[in-house]
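Contents: one structure, followed by commentary.
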Amino acid sequence: ITKLKMGVVLGYPNLEYIIMDGGSTDNTKAVLEKYAPWISYWQSEKDNGQGHAINQGFSLGSGDYFAWINSDDYYLKDALFTVANTAINKKPDFIYGYSFNYKVADESFELQKISVLMDYFIRIPSLAQPSCFWNAAIHQPIWESLCCSLDYELWLRMVPGQSRKLIKQPLAVAVTHPGAKTSDPKMGEAWARDHELICDDDAHGPVYNWETLILLNKIYIAINALFQKKPGADKSF
């Protein structure tokens with residue numbers, strides 16, 4: 001938990017902030033105790049993995065919109081106000097936005113833009129997990145058997161058919177470092193196992209037209225980018 005993260009979340013007045021820590025042995029517990037008056041609920045004890053901890057946290061939530069952010073990542077200033085205004089004015093089921101990838105190795109920020117999400121392309125990973133928020137009414141539990149692709153699999157179940165709104169600005173920062181799941185070569189087997197589980201016939205099934213889907217998605221992104229360059233073309237869906 002960083003001072004920057006606490007500063008952002010404490011700056012928003014109507015937030016239910018639940019922290020699930022898997023029994024960290026650093027100074028996390030001391031920090032949690034320090035900020036306890038501003039935290040709705042926290043615990044620091046061994047759990048059964050990330051998915052289990054996230055599900056525990058959501059089970060305690062009572063807000064109108066849900067989101068989760070991992071320990072390394074953080075929201076940008078005013079992001080929660082921007083999301084709240086969108087929720088109040090547009091009332092979408094699912095809100096998503098751009099994000100920054102911060103690379104610890106060279107201390108650089110890379111903006112991750114995404115196009116308006118179409119159900120047809122939902123199997124292609126594109127959403128930035130820290131920049132996703134959704135109405136509590138559509139929430140579904142995390143699949144706890146997964147290790148790495150928890151968010152991706154959740155989107156496959158939860159997002160199709162729901163009303164959505166893209167916020168065309170970065171809302172959060174995802175920190176990448178050698179020990180992160182997305183960067184650590186040792187996590188290759190775990191990613192492969194998740195892929196097998198997700199593509200099993202009893203789950204979401206395989207994607208038989210993968211190369212065609214990738215090609216069509218590239219065309220869609222290119223067309224969408226051209227559309228966005230036209231004057232007044234700032235609509236999002």
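Ordering of the structure tokens sets the chain letters (A, B, ...); residue numbers start at 1 within each chain; ligands are numbered from 1 in the order shown.
Summary of the local environment: counting only C-alpha atoms, residues at most 8 Å from Ile114 (chain A), other than itself and those fewer than 3 positions away along its chain, are Gly97, Tyr98, Leu117, Ser126 and Leu127 of chain A.
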Proximity check region 164-227 of chain A to region 92-95 of chain A, 9 Å, nearest pairs one decimal Å, only C-alpha atoms, as a tab-separated table:
```
residue	atom	partner	partner_atom	distance
A:Arg164	CA	A:Phe94	CA	4.7
A:Lys165	CA	A:Ile95	CA	5.0
A:Leu166	CA	A:Ile95	CA	6.0
A:Ile167	CA	A:Ile95	CA	7.3
```
Save out the residues we just selected, C-alpha atoms, as a PDB file, in the first residue's frame.
```
ATOM      1  CA  ARG A 164     -20.922  -0.207 -21.470  1.00  0.00           C
ATOM      2  CA  LYS A 165     -19.157   3.139 -21.449  1.00  0.00           C
ATOM      3  CA  LEU A 166     -15.565   3.769 -22.471  1.00  0.00           C
ATOM      4  CA  ILE A 167     -13.782   6.631 -20.699  1.00  0.00           C
TER       5      ILE A 167
END
```
Please report, as a short mmCIF file (atom, residue, chain, number, x, y, z; two decimals) with C-alpha atoms, in the first residue's frame, each residue of chain A to which DSSP assigns alpha helix (DSSP H) when run on this structure's backbone.
```cif
data_model
loop_
_atom_site.label_atom_id
_atom_site.label_comp_id
_atom_site.auth_asym_id
_atom_site.auth_seq_id
_atom_site.Cartn_x
_atom_site.Cartn_y
_atom_site.Cartn_z
CA LYS A 3 0.92 6.76 0.20
CA LEU A 4 -0.02 7.66 -3.37
CA LYS A 5 -2.72 4.99 -3.48
CA MET A 6 -4.08 5.95 -0.08
CA GLY A 7 -4.11 9.63 -1.09
CA VAL A 8 -6.20 8.93 -4.17
CA VAL A 9 -8.76 6.69 -2.49
CA LEU A 10 -9.04 8.86 0.60
CA THR A 28 1.82 -3.95 5.34
CA LYS A 29 -0.03 -4.70 8.57
CA ALA A 30 1.46 -1.62 10.26
CA VAL A 31 0.33 0.55 7.34
CA LEU A 32 -3.16 -0.95 7.49
CA GLU A 33 -3.39 -0.23 11.20
CA LYS A 34 -2.26 3.36 10.57
CA GLN A 50 -5.78 -14.27 -5.18
CA GLY A 51 -9.18 -15.33 -6.48
CA HIS A 52 -10.30 -16.42 -3.03
CA ALA A 53 -9.16 -13.12 -1.49
CA ILE A 54 -10.95 -11.06 -4.16
CA ASN A 55 -14.16 -13.03 -3.70
CA GLN A 56 -13.95 -12.52 0.06
CA GLY A 57 -13.58 -8.80 -0.45
CA PHE A 58 -16.50 -8.52 -2.85
CA SER A 59 -18.70 -10.57 -0.52
CA LEU A 60 -18.29 -7.78 2.04
CA ALA A 79 -10.23 8.77 -11.53
CA LEU A 80 -12.89 7.75 -9.03
CA PHE A 81 -14.71 11.07 -9.49
CA THR A 82 -14.64 10.56 -13.27
CA VAL A 83 -16.04 7.04 -12.93
CA ALA A 84 -18.72 8.18 -10.48
CA ASN A 85 -19.86 10.97 -12.81
CA THR A 86 -20.10 8.48 -15.66
CA ALA A 87 -22.06 6.05 -13.50
CA ILE A 88 -24.50 8.74 -12.37
CA ASN A 89 -25.02 10.39 -15.75
CA LYS A 90 -24.87 7.42 -18.12
CA LEU A 150 -8.84 -14.09 -13.32
CA ASP A 151 -9.93 -10.77 -14.78
CA TYR A 152 -9.98 -11.96 -18.40
CA GLU A 153 -12.21 -14.92 -17.55
CA LEU A 154 -14.51 -12.73 -15.49
CA TRP A 155 -15.00 -10.38 -18.44
CA LEU A 156 -15.93 -13.35 -20.64
CA ARG A 157 -18.79 -14.24 -18.31
CA MET A 158 -19.87 -10.85 -17.05
CA GLY A 188 4.48 -19.57 -18.01
CA GLU A 189 3.05 -22.88 -16.85
CA ALA A 190 0.41 -21.13 -14.75
CA TRP A 191 -0.70 -19.01 -17.72
CA ALA A 192 -0.85 -22.15 -19.90
CA ARG A 193 -2.93 -23.99 -17.30
CA ASP A 194 -5.37 -21.07 -17.11
CA HIS A 195 -5.64 -21.10 -20.89
CA GLU A 196 -6.52 -24.81 -20.85
CA LEU A 197 -9.17 -24.32 -18.18
CA ILE A 198 -10.77 -21.36 -19.94
CA TRP A 210 -8.47 -17.31 -33.90
CA GLU A 211 -6.40 -16.04 -36.86
CA THR A 212 -9.48 -14.62 -38.57
CA LEU A 213 -10.62 -13.03 -35.32
CA ILE A 214 -7.23 -11.36 -34.82
CA LEU A 215 -7.25 -10.02 -38.38
CA LEU A 216 -10.77 -8.63 -38.09
CA ASN A 217 -9.90 -7.05 -34.75
CA LYS A 218 -6.88 -5.29 -36.29
CA ILE A 219 -9.11 -3.93 -39.04
CA TYR A 220 -11.68 -2.82 -36.49
CA ILE A 221 -9.03 -1.04 -34.40
CA ALA A 222 -7.64 0.71 -37.49
CA ILE A 223 -11.10 1.88 -38.59
CA ASN A 224 -11.91 2.99 -35.08
CA ALA A 225 -8.66 4.98 -34.89
CA LEU A 226 -9.49 6.76 -38.16
CA PHE A 227 -12.98 7.57 -36.90
CA GLN A 228 -11.59 9.05 -33.70
CA LYS A 229 -9.43 11.47 -35.68
#
```
*What residues in region 9-227 of chain A get the DSSP label strand (DSSP E)? Please answer as a ChimeraX atom specification.*
/A:18-21,41-44,65-66,74-75,94-103,108-112,132-135,164-176
_CA of Ser131 (chain A) to CA of Lys168 (chain A), distance in Å rounded to a single decimal_ =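 Between these atoms lies a distance of 10.8 Å.
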_I need the residue nearest Val173 (chain A) from this list: A:Pro125, A:Gly63, A:Pro130, A:Gly161. Use only C-alpha atoms for the distance._
A:Pro130
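Take CA of Lys46 (chain A) and CA of Tyr17 (chain A): the distance between them is 19.7 Å.
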*Considering only C-alpha atoms, state which residue in the set A:Ala36, A:Leu146, A:Ala67, A:Leu76 is at the smallest distance from Gly11 (chain A).*
A:Leu76
*Pick out the closest residue to Gln162 (chain A) from this set: A:Ala174, A:Cys147, A:Met187, A:Met118. Count only C-alpha atoms.*
A:Met118
*With only C-alpha atoms as the basis for distance, which of A:Gly49, A:Gln43, A:Lys186, A:Tyr12 is at the shortest distance from Trp143 (chain A)?*
A:Gly49
*Nearest to Ala137 (chain A), chosen from A:Ser62, A:Gln169, A:Ser115, A:Asn101, with only C-alpha atoms counted in the distances*: A:Ser62
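Minimum atom-to-atom distance to Tyr120 (chain A), evaluated using only C-alpha atoms, belongs to A:Val159 out of A:Lys77, A:Gly23, A:Glu107, A:Val159.
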